[in-house]
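Okay, my_file.cif now, which holds mmCIF, N, CA and C atoms:
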```cif
data_entry
loop_
_atom_site.label_atom_id
_atom_site.label_comp_id
_atom_site.auth_asym_id
_atom_site.auth_seq_id
_atom_site.Cartn_x
_atom_site.Cartn_y
_atom_site.Cartn_z
N MET J 1 -11.39 20.79 -5.81
CA MET J 1 -11.28 19.54 -6.54
C MET J 1 -11.14 18.39 -5.54
N LEU J 2 -11.83 17.32 -5.77
CA LEU J 2 -11.71 16.13 -4.94
C LEU J 2 -10.37 15.44 -5.22
N PHE J 3 -9.85 14.75 -4.22
CA PHE J 3 -8.60 14.03 -4.40
C PHE J 3 -8.70 13.05 -5.56
N SER J 4 -9.81 12.29 -5.61
CA SER J 4 -9.96 11.28 -6.66
C SER J 4 -9.94 11.93 -8.05
N SER J 5 -10.55 13.10 -8.20
CA SER J 5 -10.54 13.80 -9.48
C SER J 5 -9.13 14.25 -9.84
N TRP J 6 -8.44 14.81 -8.86
CA TRP J 6 -7.06 15.25 -9.08
C TRP J 6 -6.19 14.07 -9.50
N PHE J 7 -6.34 12.94 -8.80
CA PHE J 7 -5.51 11.78 -9.07
C PHE J 7 -5.81 11.20 -10.46
N GLU J 8 -7.09 11.13 -10.83
CA GLU J 8 -7.45 10.62 -12.16
C GLU J 8 -6.89 11.50 -13.26
N VAL J 9 -6.98 12.82 -13.10
CA VAL J 9 -6.40 13.75 -14.08
C VAL J 9 -4.89 13.57 -14.14
N GLY J 10 -4.28 13.40 -12.98
CA GLY J 10 -2.84 13.20 -12.93
C GLY J 10 -2.41 11.93 -13.64
N LEU J 11 -3.12 10.85 -13.45
CA LEU J 11 -2.74 9.59 -14.10
C LEU J 11 -2.77 9.70 -15.62
N VAL J 12 -3.62 10.58 -16.13
CA VAL J 12 -3.68 10.79 -17.58
C VAL J 12 -2.54 11.69 -18.04
N SER J 13 -2.17 12.67 -17.23
CA SER J 13 -1.21 13.67 -17.68
C SER J 13 0.23 13.44 -17.19
N TRP J 14 0.41 12.72 -16.10
CA TRP J 14 1.76 12.49 -15.58
C TRP J 14 2.50 11.47 -16.42
N ASN J 15 3.83 11.59 -16.43
CA ASN J 15 4.62 10.52 -17.04
C ASN J 15 4.70 9.37 -16.04
N THR J 16 5.30 8.27 -16.44
CA THR J 16 5.33 7.06 -15.61
C THR J 16 6.00 7.32 -14.26
N THR J 17 7.10 8.05 -14.27
CA THR J 17 7.82 8.33 -13.02
C THR J 17 6.98 9.16 -12.08
N GLU J 18 6.32 10.19 -12.59
CA GLU J 18 5.47 11.04 -11.75
C GLU J 18 4.29 10.26 -11.17
N ALA J 19 3.68 9.39 -11.98
CA ALA J 19 2.56 8.59 -11.50
C ALA J 19 3.02 7.63 -10.41
N LEU J 20 4.19 7.04 -10.60
CA LEU J 20 4.73 6.13 -9.59
C LEU J 20 5.04 6.87 -8.30
N GLU J 21 5.64 8.05 -8.40
CA GLU J 21 5.94 8.85 -7.21
C GLU J 21 4.66 9.22 -6.48
N ALA J 22 3.63 9.62 -7.20
CA ALA J 22 2.36 9.98 -6.57
C ALA J 22 1.76 8.77 -5.85
N GLY J 23 1.84 7.61 -6.49
CA GLY J 23 1.34 6.40 -5.86
C GLY J 23 2.09 6.05 -4.59
N MET J 24 3.40 6.24 -4.62
CA MET J 24 4.22 5.94 -3.44
C MET J 24 3.90 6.91 -2.29
N VAL J 25 3.69 8.17 -2.61
CA VAL J 25 3.32 9.15 -1.58
C VAL J 25 1.97 8.77 -0.98
N CYS J 26 1.01 8.43 -1.81
CA CYS J 26 -0.32 8.05 -1.32
C CYS J 26 -0.23 6.82 -0.42
N TRP J 27 0.54 5.83 -0.83
CA TRP J 27 0.68 4.61 -0.03
C TRP J 27 1.31 4.93 1.32
N SER J 28 2.34 5.77 1.33
CA SER J 28 3.01 6.11 2.57
C SER J 28 2.07 6.88 3.51
N VAL J 29 1.33 7.83 2.96
CA VAL J 29 0.37 8.58 3.78
C VAL J 29 -0.68 7.62 4.34
N TRP J 30 -1.16 6.69 3.52
CA TRP J 30 -2.17 5.73 3.94
C TRP J 30 -1.65 4.85 5.08
N THR J 31 -0.46 4.30 4.94
CA THR J 31 0.06 3.40 5.98
C THR J 31 0.35 4.15 7.27
N HIS J 32 0.82 5.40 7.17
CA HIS J 32 1.06 6.17 8.39
C HIS J 32 -0.26 6.59 9.03
N ARG J 33 -1.26 6.85 8.23
CA ARG J 33 -2.59 7.15 8.77
C ARG J 33 -3.13 5.94 9.52
N ASN J 34 -2.96 4.74 8.95
CA ASN J 34 -3.40 3.52 9.63
C ASN J 34 -2.65 3.34 10.95
N ASP J 35 -1.36 3.63 10.95
CA ASP J 35 -0.56 3.50 12.16
C ASP J 35 -1.06 4.46 13.25
N LEU J 36 -1.49 5.64 12.84
CA LEU J 36 -2.04 6.61 13.79
C LEU J 36 -3.39 6.12 14.32
N VAL J 37 -4.28 5.71 13.42
CA VAL J 37 -5.62 5.30 13.82
C VAL J 37 -5.60 4.02 14.63
N TRP J 38 -4.84 3.03 14.20
CA TRP J 38 -4.89 1.72 14.83
C TRP J 38 -3.92 1.55 15.98
N ASN J 39 -2.78 2.25 15.93
CA ASN J 39 -1.75 2.05 16.95
C ASN J 39 -1.42 3.32 17.74
N SER J 40 -2.13 4.41 17.46
CA SER J 40 -1.91 5.71 18.12
C SER J 40 -0.46 6.18 18.01
N LYS J 41 0.20 5.83 16.91
CA LYS J 41 1.59 6.25 16.68
C LYS J 41 1.60 7.49 15.79
N HIS J 42 2.24 8.52 16.29
CA HIS J 42 2.34 9.77 15.55
C HIS J 42 3.68 9.82 14.83
N HIS J 43 3.65 10.12 13.54
CA HIS J 43 4.86 10.22 12.73
C HIS J 43 4.97 11.65 12.21
N ASP J 44 6.21 12.11 12.06
CA ASP J 44 6.36 13.42 11.45
C ASP J 44 6.55 13.26 9.94
N VAL J 45 6.52 14.37 9.23
CA VAL J 45 6.57 14.38 7.78
C VAL J 45 7.83 13.68 7.26
N SER J 46 8.96 13.85 7.95
CA SER J 46 10.21 13.24 7.48
C SER J 46 10.10 11.72 7.45
N GLU J 47 9.35 11.13 8.38
CA GLU J 47 9.16 9.67 8.38
C GLU J 47 8.28 9.24 7.21
N VAL J 48 7.27 10.04 6.89
CA VAL J 48 6.41 9.74 5.75
C VAL J 48 7.21 9.80 4.46
N VAL J 49 8.06 10.84 4.34
CA VAL J 49 8.90 10.98 3.14
C VAL J 49 9.90 9.85 3.05
N ALA J 50 10.52 9.48 4.17
CA ALA J 50 11.49 8.37 4.16
C ALA J 50 10.82 7.07 3.74
N MET J 51 9.61 6.80 4.22
CA MET J 51 8.90 5.60 3.83
C MET J 51 8.53 5.64 2.35
N THR J 52 8.17 6.80 1.84
CA THR J 52 7.87 6.94 0.42
C THR J 52 9.09 6.55 -0.41
N LYS J 53 10.25 7.04 -0.03
CA LYS J 53 11.47 6.72 -0.76
C LYS J 53 11.80 5.25 -0.66
N LEU J 54 11.62 4.68 0.51
CA LEU J 54 11.89 3.26 0.71
C LEU J 54 10.95 2.41 -0.15
N ASN J 55 9.68 2.76 -0.17
CA ASN J 55 8.73 2.03 -1.00
C ASN J 55 9.10 2.13 -2.48
N TYR J 56 9.57 3.28 -2.89
CA TYR J 56 9.99 3.51 -4.27
C TYR J 56 11.14 2.55 -4.63
N VAL J 57 12.12 2.46 -3.75
CA VAL J 57 13.26 1.56 -3.97
C VAL J 57 12.78 0.11 -4.00
N GLU J 58 11.93 -0.26 -3.04
CA GLU J 58 11.44 -1.63 -3.00
C GLU J 58 10.66 -2.00 -4.25
N TRP J 59 9.87 -1.06 -4.75
CA TRP J 59 9.12 -1.32 -5.97
C TRP J 59 10.06 -1.58 -7.13
N PHE J 60 11.08 -0.72 -7.28
CA PHE J 60 12.04 -0.93 -8.37
C PHE J 60 12.77 -2.26 -8.19
N ASN J 61 13.16 -2.58 -6.98
CA ASN J 61 13.84 -3.85 -6.74
C ASN J 61 12.92 -5.02 -7.08
N ALA J 62 11.65 -4.89 -6.75
CA ALA J 62 10.70 -5.96 -7.06
C ALA J 62 10.53 -6.12 -8.57
N GLN J 63 10.74 -5.04 -9.30
CA GLN J 63 10.64 -5.10 -10.75
C GLN J 63 11.96 -5.56 -11.38
N LYS J 64 12.93 -5.85 -10.53
CA LYS J 64 14.26 -6.31 -10.93
C LYS J 64 15.03 -5.25 -11.73
N LEU J 65 14.80 -3.99 -11.35
CA LEU J 65 15.58 -2.89 -11.93
C LEU J 65 16.75 -2.59 -11.00
N ASN J 66 17.76 -1.95 -11.50
CA ASN J 66 18.97 -1.69 -10.72
C ASN J 66 18.91 -0.34 -10.02
N VAL J 67 18.02 -0.22 -9.07
CA VAL J 67 17.91 0.99 -8.26
C VAL J 67 18.07 0.57 -6.81
N THR J 68 18.91 1.27 -6.06
CA THR J 68 19.10 0.97 -4.65
C THR J 68 18.92 2.24 -3.85
N ASP J 69 18.81 2.09 -2.53
CA ASP J 69 18.68 3.28 -1.70
C ASP J 69 19.94 4.13 -1.80
N ALA J 70 21.10 3.53 -1.99
CA ALA J 70 22.34 4.30 -2.11
C ALA J 70 22.34 5.14 -3.38
N SER J 71 21.74 4.63 -4.47
CA SER J 71 21.74 5.38 -5.72
C SER J 71 20.83 6.60 -5.67
N LEU J 72 19.93 6.65 -4.68
CA LEU J 72 19.05 7.80 -4.54
C LEU J 72 19.62 8.86 -3.61
N ASN J 73 20.78 8.56 -3.02
CA ASN J 73 21.47 9.54 -2.16
C ASN J 73 20.66 9.96 -0.95
N TRP J 74 20.01 9.05 -0.29
CA TRP J 74 19.32 9.37 0.95
C TRP J 74 19.53 8.22 1.92
N PRO J 75 19.83 8.58 3.19
CA PRO J 75 20.09 7.54 4.18
C PRO J 75 18.79 6.97 4.74
N THR J 76 18.82 5.70 5.09
CA THR J 76 17.67 5.09 5.74
C THR J 76 18.16 4.10 6.79
N ALA J 77 17.50 4.07 7.91
CA ALA J 77 17.83 3.11 8.96
C ALA J 77 17.01 1.84 8.80
N VAL J 78 16.03 1.89 7.90
CA VAL J 78 15.16 0.74 7.68
C VAL J 78 15.77 -0.14 6.60
N PRO J 79 15.90 -1.44 6.85
CA PRO J 79 16.49 -2.31 5.82
C PRO J 79 15.59 -2.39 4.59
N VAL J 80 16.20 -2.45 3.44
CA VAL J 80 15.46 -2.56 2.19
C VAL J 80 15.07 -4.02 1.98
N GLU J 81 13.79 -4.26 1.83
CA GLU J 81 13.29 -5.61 1.58
C GLU J 81 12.93 -5.72 0.11
N GLN J 82 13.04 -6.91 -0.42
CA GLN J 82 12.69 -7.14 -1.81
C GLN J 82 11.54 -8.12 -1.87
N TRP J 83 10.51 -7.77 -2.61
CA TRP J 83 9.37 -8.65 -2.80
C TRP J 83 9.82 -9.88 -3.56
N THR J 84 9.35 -11.02 -3.14
CA THR J 84 9.65 -12.25 -3.86
C THR J 84 8.34 -12.94 -4.20
N ALA J 85 8.32 -13.50 -5.38
CA ALA J 85 7.13 -14.22 -5.82
C ALA J 85 7.02 -15.51 -5.04
N PRO J 86 5.80 -15.99 -4.85
CA PRO J 86 5.64 -17.29 -4.19
C PRO J 86 6.11 -18.40 -5.14
N ASP J 87 6.42 -19.54 -4.58
CA ASP J 87 6.77 -20.69 -5.39
C ASP J 87 5.53 -21.19 -6.12
N PHE J 88 5.71 -21.62 -7.36
CA PHE J 88 4.62 -22.20 -8.12
C PHE J 88 4.17 -23.48 -7.43
N PRO J 89 2.93 -23.75 -7.26
CA PRO J 89 1.72 -23.12 -7.80
C PRO J 89 1.04 -22.19 -6.80
N PHE J 90 1.76 -21.72 -5.79
CA PHE J 90 1.16 -20.89 -4.76
C PHE J 90 0.94 -19.46 -5.24
N VAL J 91 0.09 -18.74 -4.51
CA VAL J 91 -0.17 -17.32 -4.78
C VAL J 91 0.02 -16.55 -3.48
N LYS J 92 0.24 -15.25 -3.59
CA LYS J 92 0.27 -14.37 -2.43
C LYS J 92 -0.99 -13.52 -2.46
N VAL J 93 -1.55 -13.32 -1.28
CA VAL J 93 -2.73 -12.47 -1.16
C VAL J 93 -2.43 -11.41 -0.10
N ASN J 94 -2.54 -10.15 -0.48
CA ASN J 94 -2.38 -9.05 0.46
C ASN J 94 -3.77 -8.52 0.81
N VAL J 95 -3.96 -8.23 2.09
CA VAL J 95 -5.24 -7.75 2.61
C VAL J 95 -4.98 -6.51 3.44
N ASP J 96 -5.82 -5.49 3.29
CA ASP J 96 -5.71 -4.31 4.13
C ASP J 96 -7.12 -3.83 4.45
N GLY J 97 -7.30 -3.39 5.67
CA GLY J 97 -8.60 -2.88 6.10
C GLY J 97 -8.50 -1.43 6.52
N ALA J 98 -9.61 -0.75 6.51
CA ALA J 98 -9.67 0.65 6.92
C ALA J 98 -10.96 0.87 7.71
N LEU J 99 -10.87 1.70 8.73
CA LEU J 99 -12.04 2.04 9.55
C LEU J 99 -12.48 3.46 9.24
N PHE J 100 -13.76 3.65 9.07
CA PHE J 100 -14.34 4.97 8.86
C PHE J 100 -15.37 5.16 9.97
N SER J 101 -14.86 5.39 11.18
CA SER J 101 -15.68 5.42 12.39
C SER J 101 -16.77 6.48 12.33
N ALA J 102 -16.46 7.65 11.79
CA ALA J 102 -17.45 8.72 11.75
C ALA J 102 -18.67 8.33 10.91
N GLN J 103 -18.45 7.49 9.91
CA GLN J 103 -19.54 7.06 9.04
C GLN J 103 -20.10 5.70 9.46
N GLY J 104 -19.50 5.07 10.47
CA GLY J 104 -19.94 3.75 10.90
C GLY J 104 -19.71 2.69 9.83
N ARG J 105 -18.56 2.78 9.12
CA ARG J 105 -18.26 1.87 8.03
C ARG J 105 -16.83 1.37 8.15
N TYR J 106 -16.55 0.31 7.44
CA TYR J 106 -15.18 -0.17 7.29
C TYR J 106 -15.00 -0.59 5.84
N GLY J 107 -13.75 -0.62 5.40
CA GLY J 107 -13.44 -1.00 4.03
C GLY J 107 -12.34 -2.04 4.01
N LEU J 108 -12.28 -2.77 2.90
CA LEU J 108 -11.27 -3.80 2.70
C LEU J 108 -10.71 -3.69 1.29
N GLY J 109 -9.44 -4.03 1.17
CA GLY J 109 -8.82 -4.16 -0.13
C GLY J 109 -8.05 -5.46 -0.16
N LEU J 110 -8.16 -6.21 -1.26
CA LEU J 110 -7.50 -7.50 -1.41
C LEU J 110 -6.84 -7.55 -2.77
N ILE J 111 -5.68 -8.19 -2.86
CA ILE J 111 -5.04 -8.42 -4.15
C ILE J 111 -4.35 -9.78 -4.11
N GLU J 112 -4.50 -10.53 -5.20
CA GLU J 112 -3.91 -11.87 -5.32
C GLU J 112 -2.89 -11.83 -6.44
N ILE J 113 -1.67 -12.31 -6.14
CA ILE J 113 -0.57 -12.25 -7.10
C ILE J 113 -0.01 -13.65 -7.32
N SER J 114 0.23 -13.99 -8.59
CA SER J 114 0.70 -15.33 -8.95
C SER J 114 2.20 -15.47 -8.75
N ALA J 115 2.69 -16.69 -8.94
CA ALA J 115 4.12 -16.96 -8.86
C ALA J 115 4.89 -16.20 -9.93
N ALA J 116 4.22 -15.84 -11.02
CA ALA J 116 4.85 -15.06 -12.09
C ALA J 116 4.79 -13.56 -11.82
N GLY J 117 4.18 -13.17 -10.69
CA GLY J 117 4.07 -11.75 -10.36
C GLY J 117 2.90 -11.06 -11.02
N LEU J 118 1.97 -11.82 -11.57
CA LEU J 118 0.80 -11.25 -12.24
C LEU J 118 -0.35 -11.11 -11.26
N VAL J 119 -1.11 -10.04 -11.40
CA VAL J 119 -2.30 -9.85 -10.57
C VAL J 119 -3.39 -10.79 -11.08
N LEU J 120 -3.82 -11.70 -10.23
CA LEU J 120 -4.86 -12.67 -10.58
C LEU J 120 -6.25 -12.14 -10.23
N GLY J 121 -6.30 -11.31 -9.21
CA GLY J 121 -7.58 -10.77 -8.80
C GLY J 121 -7.39 -9.67 -7.78
N ALA J 122 -8.34 -8.80 -7.72
CA ALA J 122 -8.32 -7.71 -6.74
C ALA J 122 -9.76 -7.37 -6.42
N ARG J 123 -9.97 -6.91 -5.20
CA ARG J 123 -11.32 -6.57 -4.77
C ARG J 123 -11.25 -5.51 -3.69
N SER J 124 -12.20 -4.63 -3.70
CA SER J 124 -12.36 -3.70 -2.59
C SER J 124 -13.84 -3.68 -2.23
N LEU J 125 -14.11 -3.45 -0.96
CA LEU J 125 -15.49 -3.38 -0.54
C LEU J 125 -15.62 -2.46 0.66
N SER J 126 -16.82 -1.97 0.83
CA SER J 126 -17.15 -1.09 1.95
C SER J 126 -18.44 -1.63 2.57
N ARG J 127 -18.42 -1.74 3.91
CA ARG J 127 -19.59 -2.28 4.61
C ARG J 127 -19.92 -1.43 5.82
N GLU J 128 -21.17 -1.53 6.25
CA GLU J 128 -21.58 -0.86 7.47
C GLU J 128 -21.08 -1.62 8.68
N GLY J 129 -20.70 -0.89 9.72
CA GLY J 129 -20.28 -1.52 10.95
C GLY J 129 -19.16 -0.76 11.62
N SER J 130 -19.15 -0.79 12.93
CA SER J 130 -18.08 -0.19 13.72
C SER J 130 -17.34 -1.33 14.42
N LEU J 131 -16.31 -1.82 13.78
CA LEU J 131 -15.58 -2.98 14.26
C LEU J 131 -14.17 -2.61 14.70
N GLN J 132 -13.54 -3.49 15.45
CA GLN J 132 -12.15 -3.32 15.85
C GLN J 132 -11.25 -3.66 14.66
N PRO J 133 -10.07 -3.03 14.59
CA PRO J 133 -9.17 -3.26 13.44
C PRO J 133 -8.85 -4.72 13.19
N HIS J 134 -8.58 -5.49 14.24
CA HIS J 134 -8.22 -6.89 14.03
C HIS J 134 -9.39 -7.70 13.46
N ILE J 135 -10.61 -7.30 13.76
CA ILE J 135 -11.78 -7.98 13.22
C ILE J 135 -11.91 -7.66 11.73
N VAL J 136 -11.69 -6.39 11.38
CA VAL J 136 -11.75 -6.00 9.96
C VAL J 136 -10.69 -6.77 9.16
N GLU J 137 -9.48 -6.87 9.71
CA GLU J 137 -8.42 -7.63 9.03
C GLU J 137 -8.82 -9.10 8.89
N ALA J 138 -9.42 -9.67 9.92
CA ALA J 138 -9.85 -11.07 9.86
C ALA J 138 -10.93 -11.26 8.80
N ILE J 139 -11.84 -10.32 8.68
CA ILE J 139 -12.86 -10.39 7.63
C ILE J 139 -12.19 -10.32 6.27
N GLY J 140 -11.16 -9.49 6.15
CA GLY J 140 -10.40 -9.42 4.90
C GLY J 140 -9.75 -10.74 4.53
N VAL J 141 -9.18 -11.41 5.52
CA VAL J 141 -8.58 -12.73 5.27
C VAL J 141 -9.65 -13.72 4.84
N LYS J 142 -10.80 -13.70 5.53
CA LYS J 142 -11.91 -14.59 5.17
C LYS J 142 -12.36 -14.32 3.73
N GLU J 143 -12.50 -13.06 3.36
CA GLU J 143 -12.90 -12.71 1.99
C GLU J 143 -11.85 -13.19 0.98
N ALA J 144 -10.59 -13.05 1.34
CA ALA J 144 -9.52 -13.50 0.44
C ALA J 144 -9.59 -15.01 0.23
N LEU J 145 -9.86 -15.73 1.31
CA LEU J 145 -9.96 -17.19 1.19
C LEU J 145 -11.21 -17.62 0.44
N SER J 146 -12.22 -16.75 0.43
CA SER J 146 -13.46 -17.06 -0.29
C SER J 146 -13.25 -16.97 -1.79
#
```
If you convert what's in this file into structure tokens, what do you get?
Amino acid sequence: MLFSSWFEVGLVSWNTTEALEAGMVCWSVWTHRNDLVWNSKHHDVSEVVAMTKLNYVEWFNAQKLNVTDASLNWPTAVPVEQWTAPDFPFVKVNVDGALFSAQGRYGLGLIEISAAGLVLGARSLSREGSLQPHIVEAIGVKEALS
């Protein structure tokens, strides 16, 4: 089974908590993979799990729910940050790039969030090219500004 097929089936059958946990694990694996590819930093599984838990707490805090790292009974040396909405009328735009060197491609993901915390727009794209990570990120910023 392909990962995408497994994930789509899961999103239909998992409850909200399970879907959120799966999303947090995927995000943590993705960010650690980027750290390996772009910064040659090797992380062990415990760091990936710790980041998953931290992201889970941050997400709940961003939703203004009463969940803290202490309530989950796991220690972390990383400070817990809370997402804050931009001041009206500003928006926040997050950009992330990925390199697929073996295929000679790169990808971008963009999301725009309003002062009310609503998603105003999102985009992903894949293009041909073997570029440096900072160039891919710069293209992402340019696309976001477009």
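Once the PyMOL selection byres ((chain J and resi 123-128) around 6) is applied to the shown structure, the selection contains Gly104, Arg105, Tyr106, Gly107, Leu108, Gly109, Leu110, Ile111, Gly121, Ala122, Gly129 and Ser130 of chain J.
With all atoms listed in the file as the atoms that count, the minimum distance from J:Phe88 to the choices J:Thr17, J:Ser114, J:Ser5, J:Ser40 is reached by J:Ser114.
Pairwise distance (atom C of J:Leu2, atom CA of J:Val136) equals 26.3 Å.
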> Skipping near chain neighbours, those fewer than 2 positions away, what residues fall within 8 Å of stretch 91-94 of chain J using all atoms listed in the file, listed as a PyMOL selection string?
Replying inline: chain J and resi 85-89+96-97+109-116+140-141+144
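Rounded to one decimal, atom C of J:Phe3 and atom CA of J:Ile139 lie 27.2 Å from each other.
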